[in-house]
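What follows is target_0.txt (compact mmCIF, C-alpha atoms).
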# COMPACT_ATOMS: atom_id res chain seq x y z
CA MET T 12 0.00 0.00 0.00
CA TRP T 13 2.73 2.42 0.95
CA ILE T 14 4.61 1.54 -2.25
CA GLY T 15 1.63 2.71 -4.31
CA LYS T 16 1.48 5.98 -2.42
CA LEU T 17 5.19 6.45 -3.02
CA LEU T 18 4.78 5.92 -6.75
CA VAL T 19 1.96 8.45 -6.83
CA VAL T 20 4.09 11.01 -5.02
CA LEU T 21 7.01 10.40 -7.38
CA SER T 22 4.75 10.72 -10.45
CA VAL T 23 3.29 13.96 -9.20
CA SER T 24 6.75 15.30 -8.46
CA LEU T 25 8.00 14.34 -11.93
CA LEU T 26 5.02 15.96 -13.60
CA ALA T 27 5.48 19.08 -11.51
CA SER T 28 9.15 19.22 -12.46
CA GLN T 29 8.36 18.84 -16.18
CA SER T 30 5.68 21.53 -15.95
CA ALA T 31 8.10 23.87 -14.23
CA SER T 32 10.76 23.15 -16.87
CA ALA T 33 8.32 23.87 -19.68
CA ALA T 34 6.99 26.99 -17.99
CA ARG T 35 10.45 28.53 -17.54
CA PRO T 36 11.08 29.36 -21.25
CA VAL T 37 7.60 30.85 -21.52
CA ALA T 38 8.25 33.07 -18.52
CA LEU T 39 11.62 34.14 -19.90
CA GLU T 40 10.08 34.92 -23.30
CA LYS T 41 7.56 37.20 -21.59
CA GLN T 42 10.37 38.95 -19.74
CA ALA T 43 12.32 39.40 -22.98
CA ARG T 44 9.28 40.74 -24.85
CA LYS T 45 8.51 43.17 -22.04
CA ALA T 46 12.11 44.39 -21.91
CA CYS T 47 12.28 44.92 -25.67
CA LEU T 48 8.98 46.79 -25.81
CA SER T 49 9.97 48.99 -22.86
CA GLY T 50 13.24 50.03 -24.51
CA ASP T 51 15.60 47.83 -22.46
CA TYR T 52 16.87 45.97 -25.48
CA VAL T 53 20.08 44.95 -23.71
CA LYS T 54 18.14 42.89 -21.17
CA GLY T 55 15.75 41.52 -23.77
CA VAL T 56 18.53 40.41 -26.12
CA SER T 57 20.44 38.86 -23.19
CA ILE T 58 17.43 36.75 -22.15
CA LEU T 59 16.87 35.63 -25.74
CA ALA T 60 20.55 34.66 -26.03
CA GLU T 61 20.21 32.50 -22.91
CA LEU T 62 17.14 30.80 -24.38
CA PHE T 63 18.97 30.14 -27.65
CA VAL T 64 21.96 28.60 -25.86
CA ASP T 65 19.67 26.34 -23.78
CA SER T 66 17.45 25.19 -26.64
CA GLY T 67 19.33 25.76 -29.89
CA ASP T 68 16.10 27.15 -31.36
CA ALA T 69 17.03 29.69 -34.05
CA THR T 70 13.71 31.48 -33.50
CA TYR T 71 15.34 33.29 -30.59
CA LEU T 72 17.86 34.78 -33.04
CA TYR T 73 14.98 36.16 -35.09
CA ASN T 74 13.44 37.59 -31.91
CA GLN T 75 16.76 39.26 -31.10
CA GLY T 76 16.64 40.93 -34.48
CA ARG T 77 13.09 42.13 -33.84
CA CYS T 78 14.13 43.46 -30.43
CA TYR T 79 16.95 45.47 -31.98
CA GLU T 80 14.70 46.64 -34.81
CA GLN T 81 12.01 47.81 -32.39
CA ASN T 82 14.64 49.87 -30.58
CA VAL T 83 16.08 51.48 -33.73
CA ARG T 84 19.29 49.43 -33.61
CA TYR T 85 19.22 48.61 -37.30
CA VAL T 86 22.83 47.47 -37.72
CA GLU T 87 22.54 44.88 -34.94
CA ALA T 88 19.06 43.89 -36.17
CA ALA T 89 20.31 43.17 -39.69
CA GLU T 90 23.15 41.05 -38.28
CA ARG T 91 20.73 39.00 -36.14
CA PHE T 92 18.37 38.43 -39.09
CA ARG T 93 21.22 37.25 -41.28
CA GLU T 94 22.44 34.92 -38.50
CA TYR T 95 18.90 33.56 -38.26
CA LEU T 96 18.93 32.68 -41.98
CA ARG T 97 22.23 30.82 -41.48
CA LYS T 98 21.04 28.88 -38.43
CA ALA T 99 17.58 28.01 -39.82
CA PRO T 100 18.18 26.61 -43.33
CA LYS T 101 14.82 24.75 -43.54
CA LEU T 102 12.69 27.87 -43.74
CA THR T 103 9.86 28.11 -46.22
CA ASP T 104 10.05 30.59 -49.06
CA ALA T 105 7.49 32.79 -47.33
CA ASP T 106 9.53 32.87 -44.11
CA LYS T 107 12.72 33.69 -46.03
CA ALA T 108 10.94 36.48 -47.87
CA GLU T 109 9.72 37.94 -44.57
CA VAL T 110 13.23 37.90 -43.07
CA ASP T 111 14.72 39.38 -46.25
CA LYS T 112 12.20 42.22 -46.03
CA HIS T 113 13.28 42.98 -42.45
CA ILE T 114 16.90 43.05 -43.60
CA ALA T 115 16.06 45.35 -46.50
CA ASP T 116 14.13 47.69 -44.21
CA CYS T 117 17.10 47.82 -41.83
CA ASP T 118 19.51 48.57 -44.69
CA VAL T 119 17.29 51.42 -45.89
CA ALA T 120 17.11 52.84 -42.36
CA ILE T 121 20.91 52.59 -42.01
CA ALA T 122 21.42 54.42 -45.29
CA LYS T 123 19.03 57.19 -44.23
CA SER T 124 20.78 57.62 -40.89
CA HIS T 125 24.19 57.90 -42.57
CA PRO T 126 23.68 60.06 -45.67
CA VAL T 127 26.60 60.59 -47.98
CA GLU T 128 27.88 64.14 -47.54
CA PRO T 129 28.64 65.97 -50.78
CA THR T 130 32.21 66.99 -51.39
CA PRO T 131 32.59 70.74 -50.82
CA PRO T 132 33.59 72.66 -53.95
CA VAL T 133 37.14 73.90 -54.17
CA PRO T 134 37.39 77.70 -54.34
CA ALA T 135 38.46 79.05 -57.69
CA SER T 136 41.50 80.70 -56.10
CA GLN T 137 42.74 77.31 -54.86
CA THR T 138 42.17 75.46 -58.11
CA LEU T 139 45.45 74.12 -59.38
CA PRO T 140 46.10 73.99 -63.08
CA VAL T 141 45.82 70.56 -64.56
CA PRO T 142 49.15 69.62 -66.13
CA GLN T 143 48.84 68.99 -69.79
CA PRO T 144 50.45 65.81 -71.09
CA THR T 145 53.51 66.22 -73.23
CA PRO T 146 52.61 65.59 -76.84
CA GLN T 147 53.98 62.31 -78.01
CA PRO T 148 55.07 61.74 -81.56
CA PRO T 149 52.49 59.70 -83.42
CA PHE T 150 53.27 56.06 -83.84
CA PRO T 151 53.81 55.06 -87.41
CA GLN T 152 51.02 53.15 -89.04
CA ALA T 153 52.19 49.90 -90.52
CA THR T 154 50.22 48.59 -93.46
CA THR T 155 50.87 45.17 -94.94
CA THR T 156 49.53 44.37 -98.37
CA VAL T 157 48.95 40.70 -99.10
CA GLN T 158 48.91 39.63 -102.72
CA ALA T 159 46.18 37.10 -103.36
CA ALA T 160 47.41 33.85 -104.83
CA PRO T 161 46.76 33.67 -108.55
CA THR T 162 43.80 31.48 -109.37
CA SER T 163 41.96 30.66 -112.52
CA ALA T 164 39.26 33.12 -113.52
CA SER T 165 36.64 30.36 -113.61
CA ARG T 166 36.07 26.66 -113.18
CA PRO T 167 35.57 25.45 -116.75
CA TRP T 168 34.58 21.83 -116.05
CA GLN T 169 31.94 22.72 -113.44
CA HIS T 170 30.60 25.41 -115.73
CA THR T 171 30.29 22.98 -118.63
CA ALA T 172 29.00 20.12 -116.47
CA LYS T 173 26.15 22.15 -115.03
CA TRP T 174 24.78 22.94 -118.48
CA VAL T 175 25.25 19.36 -119.71
CA ALA T 176 23.46 18.00 -116.62
CA THR T 177 20.69 20.58 -116.98
CA GLY T 178 20.16 19.68 -120.67
CA ALA T 179 20.17 15.96 -119.84
CA ALA T 180 17.60 16.50 -117.09
CA VAL T 181 15.31 18.35 -119.51
CA ALA T 182 15.79 15.73 -122.21
CA PHE T 183 15.14 12.77 -119.94
CA LEU T 184 12.12 14.51 -118.47
CA GLY T 185 10.75 15.16 -121.96
CA LEU T 186 11.37 11.50 -122.89
CA GLY T 187 9.54 10.33 -119.78
CA ILE T 188 6.57 12.58 -120.49
CA ALA T 189 6.40 11.53 -124.15
CA GLU T 190 6.61 7.82 -123.38
CA HIS T 191 4.09 8.23 -120.56
CA ALA T 192 1.65 9.76 -123.03
CA ASN T 193 2.46 7.02 -125.56
CA TYR T 194 1.74 4.38 -122.91
CA TYR T 195 -1.66 5.87 -122.09
CA SER T 196 -2.51 6.12 -125.80
CA LYS T 197 -1.63 2.48 -126.57
CA ASN T 198 -3.29 1.28 -123.38
CA SER T 199 -6.47 3.14 -124.38
CA ASP T 200 -6.38 1.59 -127.86
CA TYR T 201 -5.93 -1.84 -126.36
CA ASN T 202 -8.84 -1.43 -123.95
CA ASN T 203 -11.18 -0.07 -126.65
CA ASP T 204 -10.45 -2.65 -129.36
CA PRO T 205 -12.76 -5.73 -129.09
CA LYS T 206 -10.12 -7.93 -130.73
CA CYS T 207 -7.61 -6.98 -128.09
CA ILE T 208 -10.05 -7.66 -125.27
CA ALA T 209 -10.64 -11.12 -126.75
CA GLY T 210 -6.96 -11.94 -126.37
CA GLY T 211 -5.40 -10.51 -129.52
CA CYS T 212 -3.22 -7.47 -130.13
CA GLN T 213 -0.23 -8.88 -128.30
CA SER T 214 2.09 -6.56 -130.13
CA LEU T 215 0.06 -3.54 -129.00
CA ALA T 216 0.23 -4.74 -125.40
CA ASN T 217 3.98 -5.26 -125.68
CA SER T 218 4.39 -1.80 -127.15
CA ALA T 219 2.41 -0.25 -124.28
CA ASP T 220 4.56 -2.09 -121.74
CA THR T 221 7.72 -0.89 -123.47
CA ALA T 222 6.48 2.71 -123.44
CA GLN T 223 5.72 2.44 -119.73
CA THR T 224 9.20 1.09 -119.00
CA VAL T 225 10.89 3.81 -121.04
CA ALA T 226 8.81 6.48 -119.24
CA ILE T 227 9.90 5.17 -115.84
CA VAL T 228 13.54 5.10 -116.94
CA GLY T 229 13.22 8.63 -118.34
CA TYR T 230 11.78 9.98 -115.10
CA GLY T 231 14.52 8.28 -113.04
CA ALA T 232 17.29 9.56 -115.30
CA ALA T 233 15.79 13.06 -115.19
CA ALA T 234 15.85 12.96 -111.38
CA VAL T 235 19.52 11.91 -111.34
CA ALA T 236 20.49 14.55 -113.88
CA THR T 237 18.59 17.20 -111.93
CA GLY T 238 20.56 16.33 -108.77
CA LEU T 239 23.84 16.56 -110.67
CA ALA T 240 22.84 19.86 -112.24
CA ILE T 241 22.03 21.37 -108.86
CA THR T 242 25.39 20.18 -107.50
CA PHE T 243 27.36 21.64 -110.40
CA TRP T 244 25.44 24.94 -110.21
CA LEU T 245 26.41 25.24 -106.56
CA MET T 246 30.04 24.39 -107.30
CA ASP T 247 30.32 26.86 -110.16
CA LYS T 248 30.89 30.05 -108.12
CA PRO T 249 32.87 33.02 -109.42
CA ALA T 250 36.55 32.68 -108.59
CA PRO T 251 38.68 35.60 -107.38
CA GLN T 252 39.82 37.85 -110.17
CA PRO T 253 43.55 38.08 -110.79
CA GLY T 254 45.30 41.00 -109.25
CA GLN T 255 42.98 41.36 -106.24
CA ARG T 256 44.79 42.52 -103.10
CA ALA T 257 43.94 42.25 -99.39
CA GLY T 258 45.05 45.01 -97.02
CA LEU T 259 45.95 44.52 -93.37
CA ALA T 260 46.76 47.57 -91.24
CA PHE T 261 48.27 47.76 -87.76
CA THR T 262 47.86 50.99 -85.78
CA CYS T 263 49.69 51.65 -82.49
CA ALA T 264 48.68 54.26 -79.91
CA PRO T 265 49.82 54.89 -76.26
CA GLY T 266 47.42 54.06 -73.30
CA LEU T 267 47.35 54.51 -69.77
CA ALA T 268 19.79 19.44 -25.90
CA SER T 269 16.03 20.14 -24.06
CA VAL T 270 12.51 20.67 -25.33
CA SER T 271 11.37 24.23 -25.54
CA CYS T 272 8.61 26.17 -27.19
CA GLY T 273 8.93 29.67 -28.50
CA GLY T 274 7.17 32.16 -30.65
CA ARG T 275 8.32 34.97 -32.93
CA PHE T 276 7.51 38.56 -32.09
structure tokens encoding of this file:
Amino acid sequence: MWIGKLLVVLSVSLLASQSASAARPVALEKQARKACLSGDYVKGVSILAELFVDSGDATYLYNQGRCYEQNVRYVEAAERFREYLRKAPKLTDADKAEVDKHIADCDVAIAKSHPVEPTPPVPASQTLPVPQPTPQPPFPQATTTVQAAPTSASRPWQHTAKWVATGAAVAFLGLGIAEHANYYSKNSDYNNDPKCIAGGCQSLANSADTAQTVAIVGYGAAAVATGLAITFWLMDKPAPQPGQRAGLAFTCAPGLASVSCGGRF
């Protein structure tokens, strides 16, 4: 019986200890918030530093930055916010954007509190003459003329081949068209003649087949000749004229370990 009572007492004591441990950071956060809002940022930042050391929670670094920012200590605030970004790498994009905005606001406030003073003008009586540079003799300009290698004025075999291939393409194409028409004519005669339908006119059928074959060969040869003509036309480009020169100039010039809970505020 007394063992059970002892266990109950121990359980209650343990729970009370855990509650007290959890309540301590909350109480310290309230003290830090109160100190920051009342202008005692030194005390507030010190309490937050103690909480960060005990828990390792980077939120306390953010709260340090807010404490400095609330008390117009923008340089310290920007440093705390940047340290928070380094210690809390798993922030969401929205959280990072919020911290970056605080940093930007602090930088703007720092710039406004330290304006750049304009340089006072120098009185005319104290203006020193600007020394003029000593004229330097101009550097000579070196020009090199390169004589183009003599080449033939044209490419005679490509020039001739392109016209030969073009004429052959036209001729073969004409042959294919003519034999194609001849095939259709003989095929029509064969189909319209009753004797041919009955099994005669073998010579007419052979002639139609021959015309069809010649037409196919003509079309194929025309395609080959057309390809060769295109190739030779592309190869037959004007060659450099004799006596052409290329100029190249060079110019030189001088030159000069515990569980804790916390919130952001």
Provide the CA of Asn193 (chain T) to CA of Gln213 (chain T) distance in Å, to one decimal place.
-> 16.4 Å
Leaving out Tyr79 (chain T) and any residue of its chain fewer than 2 positions from it, which residues lie within 9 Å of it when counting only C-alpha atoms, given as a PDB file with C-alpha atoms, keeping the file's coordinate frame?
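Wrote it out as selection_19.pdb, contents follow:
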ATOM      1  CA  CYS T  47      12.280  44.920 -25.670  1.00  0.00           C
ATOM      2  CA  TYR T  52      16.870  45.970 -25.480  1.00  0.00           C
ATOM      3  CA  VAL T  53      20.080  44.950 -23.710  1.00  0.00           C
ATOM      4  CA  VAL T  56      18.530  40.410 -26.120  1.00  0.00           C
ATOM      5  CA  ASN T  74      13.440  37.590 -31.910  1.00  0.00           C
ATOM      6  CA  GLN T  75      16.760  39.260 -31.100  1.00  0.00           C
ATOM      7  CA  GLY T  76      16.640  40.930 -34.480  1.00  0.00           C
ATOM      8  CA  ARG T  77      13.090  42.130 -33.840  1.00  0.00           C
ATOM      9  CA  GLN T  81      12.010  47.810 -32.390  1.00  0.00           C
ATOM     10  CA  ASN T  82      14.640  49.870 -30.580  1.00  0.00           C
ATOM     11  CA  VAL T  83      16.080  51.480 -33.730  1.00  0.00           C
ATOM     12  CA  ARG T  84      19.290  49.430 -33.610  1.00  0.00           C
ATOM     13  CA  TYR T  85      19.220  48.610 -37.300  1.00  0.00           C
ATOM     14  CA  VAL T  86      22.830  47.470 -37.720  1.00  0.00           C
ATOM     15  CA  GLU T  87      22.540  44.880 -34.940  1.00  0.00           C
ATOM     16  CA  ALA T  88      19.060  43.890 -36.170  1.00  0.00           C
ATOM     17  CA  ALA T  89      20.310  43.170 -39.690  1.00  0.00           C
ATOM     18  CA  ARG T  91      20.730  39.000 -36.140  1.00  0.00           C
TER      19      ARG T  91
END
Return the single residue from T:Leu96, T:Val64, T:Ala233, T:Ala46 that is closest to Ile114 (chain T), with distances computed using all atoms listed in the file.
->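 Selected residue with least distance to Ile114 (chain T): T:Leu96.
If you look at CA of Thr237 (chain T) and CA of Lys173 (chain T), they are 9.6 Å away from each other.
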CA of Gly229 (chain T) to CA of Leu184 (chain T) measures 6.0 Å
10 Å contact set for Gly185 (chain T), all atoms listed in the file, chain neighbours under 5 positions out, as a list in words |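 Returned residues: Ala179, Ala180, Glu190, His191, Ala226, Gly229, Tyr230 and Ala233 of chain T.
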For each of T:Val225, T:Gln42, T:Cys212, T:Thr171, take the minimum atom-to-atom distance to Ala192 (chain T), counting all atoms listed in the file, then give the residue where this is smallest.
->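 Closest to Ala192 (chain T) of all the choices is T:Val225.
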Please identify all polymer residues within 12 Å of Tyr71 (chain T), counting all atoms listed in the file, omitting same-chain residues fewer than 3 positions from it, and present them as a ChimeraX atom specification.
-> /T:36,39-40,43-44,55-68,74-78,91-92,94-96,98-99,271-276
I need the chosen residues saved as a PDB file, in the coordinates of the input, with C-alpha atoms.
ATOM      1  CA  PRO T  36      11.080  29.360 -21.250  1.00  0.00           C
ATOM      2  CA  LEU T  39      11.620  34.140 -19.900  1.00  0.00           C
ATOM      3  CA  GLU T  40      10.080  34.920 -23.300  1.00  0.00           C
ATOM      4  CA  ALA T  43      12.320  39.400 -22.980  1.00  0.00           C
ATOM      5  CA  ARG T  44       9.280  40.740 -24.850  1.00  0.00           C
ATOM      6  CA  GLY T  55      15.750  41.520 -23.770  1.00  0.00           C
ATOM      7  CA  VAL T  56      18.530  40.410 -26.120  1.00  0.00           C
ATOM      8  CA  SER T  57      20.440  38.860 -23.190  1.00  0.00           C
ATOM      9  CA  ILE T  58      17.430  36.750 -22.150  1.00  0.00           C
ATOM     10  CA  LEU T  59      16.870  35.630 -25.740  1.00  0.00           C
ATOM     11  CA  ALA T  60      20.550  34.660 -26.030  1.00  0.00           C
ATOM     12  CA  GLU T  61      20.210  32.500 -22.910  1.00  0.00           C
ATOM     13  CA  LEU T  62      17.140  30.800 -24.380  1.00  0.00           C
ATOM     14  CA  PHE T  63      18.970  30.140 -27.650  1.00  0.00           C
ATOM     15  CA  VAL T  64      21.960  28.600 -25.860  1.00  0.00           C
ATOM     16  CA  ASP T  65      19.670  26.340 -23.780  1.00  0.00           C
ATOM     17  CA  SER T  66      17.450  25.190 -26.640  1.00  0.00           C
ATOM     18  CA  GLY T  67      19.330  25.760 -29.890  1.00  0.00           C
ATOM     19  CA  ASP T  68      16.100  27.150 -31.360  1.00  0.00           C
ATOM     20  CA  ASN T  74      13.440  37.590 -31.910  1.00  0.00           C
ATOM     21  CA  GLN T  75      16.760  39.260 -31.100  1.00  0.00           C
ATOM     22  CA  GLY T  76      16.640  40.930 -34.480  1.00  0.00           C
ATOM     23  CA  ARG T  77      13.090  42.130 -33.840  1.00  0.00           C
ATOM     24  CA  CYS T  78      14.130  43.460 -30.430  1.00  0.00           C
ATOM     25  CA  ARG T  91      20.730  39.000 -36.140  1.00  0.00           C
ATOM     26  CA  PHE T  92      18.370  38.430 -39.090  1.00  0.00           C
ATOM     27  CA  GLU T  94      22.440  34.920 -38.500  1.00  0.00           C
ATOM     28  CA  TYR T  95      18.900  33.560 -38.260  1.00  0.00           C
ATOM     29  CA  LEU T  96      18.930  32.680 -41.980  1.00  0.00           C
ATOM     30  CA  LYS T  98      21.040  28.880 -38.430  1.00  0.00           C
ATOM     31  CA  ALA T  99      17.580  28.010 -39.820  1.00  0.00           C
ATOM     32  CA  SER T 271      11.370  24.230 -25.540  1.00  0.00           C
ATOM     33  CA  CYS T 272       8.610  26.170 -27.190  1.00  0.00           C
ATOM     34  CA  GLY T 273       8.930  29.670 -28.500  1.00  0.00           C
ATOM     35  CA  GLY T 274       7.170  32.160 -30.650  1.00  0.00           C
ATOM     36  CA  ARG T 275       8.320  34.970 -32.930  1.00  0.00           C
ATOM     37  CA  PHE T 276       7.510  38.560 -32.090  1.00  0.00           C
TER      38      PHE T 276
END
Starting from the point (-0.5, 2.3, -121.0), work out which residues of protein, DNA or RNA have an atom no more than 12 Å away when counting all atoms listed in the file; state them as an MDAnalysis selection string.
-> chainID T and resid 189:202 215:227
Could you rebuild region 223-247 of chain T with N, CA and C atoms and give me the result as a PDB file, in the coordinates of the input?
ATOM      1  N   GLN T 223       5.769   2.200-121.190  1.00  0.00           N
ATOM      2  CA  GLN T 223       5.720   2.440-119.730  1.00  0.00           C
ATOM      3  C   GLN T 223       7.103   2.312-119.109  1.00  0.00           C
ATOM      4  N   THR T 224       7.857   1.294-119.549  1.00  0.00           N
ATOM      5  CA  THR T 224       9.200   1.090-119.000  1.00  0.00           C
ATOM      6  C   THR T 224      10.119   2.256-119.343  1.00  0.00           C
ATOM      7  N   VAL T 225      10.042   2.695-120.614  1.00  0.00           N
ATOM      8  CA  VAL T 225      10.890   3.810-121.040  1.00  0.00           C
ATOM      9  C   VAL T 225      10.521   5.085-120.272  1.00  0.00           C
ATOM     10  N   ALA T 226       9.226   5.297-119.998  1.00  0.00           N
ATOM     11  CA  ALA T 226       8.810   6.480-119.240  1.00  0.00           C
ATOM     12  C   ALA T 226       9.385   6.458-117.824  1.00  0.00           C
ATOM     13  N   ILE T 227       9.347   5.281-117.205  1.00  0.00           N
ATOM     14  CA  ILE T 227       9.900   5.170-115.840  1.00  0.00           C
ATOM     15  C   ILE T 227      11.397   5.451-115.843  1.00  0.00           C
ATOM     16  N   VAL T 228      12.095   4.864-116.847  1.00  0.00           N
ATOM     17  CA  VAL T 228      13.540   5.100-116.940  1.00  0.00           C
ATOM     18  C   VAL T 228      13.826   6.573-117.197  1.00  0.00           C
ATOM     19  N   GLY T 229      13.015   7.210-118.055  1.00  0.00           N
ATOM     20  CA  GLY T 229      13.220   8.630-118.340  1.00  0.00           C
ATOM     21  C   GLY T 229      13.044   9.499-117.101  1.00  0.00           C
ATOM     22  N   TYR T 230      11.991   9.207-116.333  1.00  0.00           N
ATOM     23  CA  TYR T 230      11.780   9.980-115.100  1.00  0.00           C
ATOM     24  C   TYR T 230      12.940   9.800-114.116  1.00  0.00           C
ATOM     25  N   GLY T 231      13.412   8.531-113.973  1.00  0.00           N
ATOM     26  CA  GLY T 231      14.520   8.280-113.040  1.00  0.00           C
ATOM     27  C   GLY T 231      15.791   8.979-113.480  1.00  0.00           C
ATOM     28  N   ALA T 232      16.091   8.895-114.799  1.00  0.00           N
ATOM     29  CA  ALA T 232      17.290   9.560-115.300  1.00  0.00           C
ATOM     30  C   ALA T 232      17.181  11.071-115.145  1.00  0.00           C
ATOM     31  N   ALA T 233      15.981  11.621-115.353  1.00  0.00           N
ATOM     32  CA  ALA T 233      15.790  13.060-115.190  1.00  0.00           C
ATOM     33  C   ALA T 233      16.039  13.475-113.740  1.00  0.00           C
ATOM     34  N   ALA T 234      15.611  12.635-112.786  1.00  0.00           N
ATOM     35  CA  ALA T 234      15.850  12.960-111.380  1.00  0.00           C
ATOM     36  C   ALA T 234      17.336  12.967-111.049  1.00  0.00           C
ATOM     37  N   VAL T 235      18.077  11.972-111.585  1.00  0.00           N
ATOM     38  CA  VAL T 235      19.520  11.910-111.340  1.00  0.00           C
ATOM     39  C   VAL T 235      20.219  13.116-111.966  1.00  0.00           C
ATOM     40  N   ALA T 236      19.862  13.415-113.207  1.00  0.00           N
ATOM     41  CA  ALA T 236      20.490  14.550-113.880  1.00  0.00           C
ATOM     42  C   ALA T 236      20.171  15.862-113.190  1.00  0.00           C
ATOM     43  N   THR T 237      18.945  15.976-112.665  1.00  0.00           N
ATOM     44  CA  THR T 237      18.590  17.200-111.930  1.00  0.00           C
ATOM     45  C   THR T 237      19.469  17.364-110.688  1.00  0.00           C
ATOM     46  N   GLY T 238      19.687  16.263-109.951  1.00  0.00           N
ATOM     47  CA  GLY T 238      20.560  16.330-108.770  1.00  0.00           C
ATOM     48  C   GLY T 238      21.970  16.745-109.134  1.00  0.00           C
ATOM     49  N   LEU T 239      22.494  16.180-110.260  1.00  0.00           N
ATOM     50  CA  LEU T 239      23.840  16.560-110.670  1.00  0.00           C
ATOM     51  C   LEU T 239      23.895  18.016-111.116  1.00  0.00           C
ATOM     52  N   ALA T 240      22.852  18.471-111.792  1.00  0.00           N
ATOM     53  CA  ALA T 240      22.840  19.860-112.240  1.00  0.00           C
ATOM     54  C   ALA T 240      22.848  20.820-111.056  1.00  0.00           C
ATOM     55  N   ILE T 241      22.057  20.503-110.049  1.00  0.00           N
ATOM     56  CA  ILE T 241      22.030  21.370-108.860  1.00  0.00           C
ATOM     57  C   ILE T 241      23.414  21.406-108.203  1.00  0.00           C
ATOM     58  N   THR T 242      24.059  20.237-108.116  1.00  0.00           N
ATOM     59  CA  THR T 242      25.390  20.180-107.500  1.00  0.00           C
ATOM     60  C   THR T 242      26.403  21.023-108.267  1.00  0.00           C
ATOM     61  N   PHE T 243      26.395  20.876-109.599  1.00  0.00           N
ATOM     62  CA  PHE T 243      27.360  21.640-110.400  1.00  0.00           C
ATOM     63  C   PHE T 243      27.062  23.133-110.370  1.00  0.00           C
ATOM     64  N   TRP T 244      25.782  23.516-110.291  1.00  0.00           N
ATOM     65  CA  TRP T 244      25.440  24.940-110.210  1.00  0.00           C
ATOM     66  C   TRP T 244      25.976  25.539-108.904  1.00  0.00           C
ATOM     67  N   LEU T 245      25.890  24.742-107.834  1.00  0.00           N
ATOM     68  CA  LEU T 245      26.410  25.240-106.560  1.00  0.00           C
ATOM     69  C   LEU T 245      27.929  25.323-106.561  1.00  0.00           C
ATOM     70  N   MET T 246      28.582  24.397-107.267  1.00  0.00           N
ATOM     71  CA  MET T 246      30.040  24.390-107.300  1.00  0.00           C
ATOM     72  C   MET T 246      30.603  25.481-108.207  1.00  0.00           C
ATOM     73  N   ASP T 247      29.819  25.905-109.188  1.00  0.00           N
ATOM     74  CA  ASP T 247      30.320  26.860-110.160  1.00  0.00           C
ATOM     75  C   ASP T 247      30.115  28.283-109.654  1.00  0.00           C
TER      76      ASP T 247
END
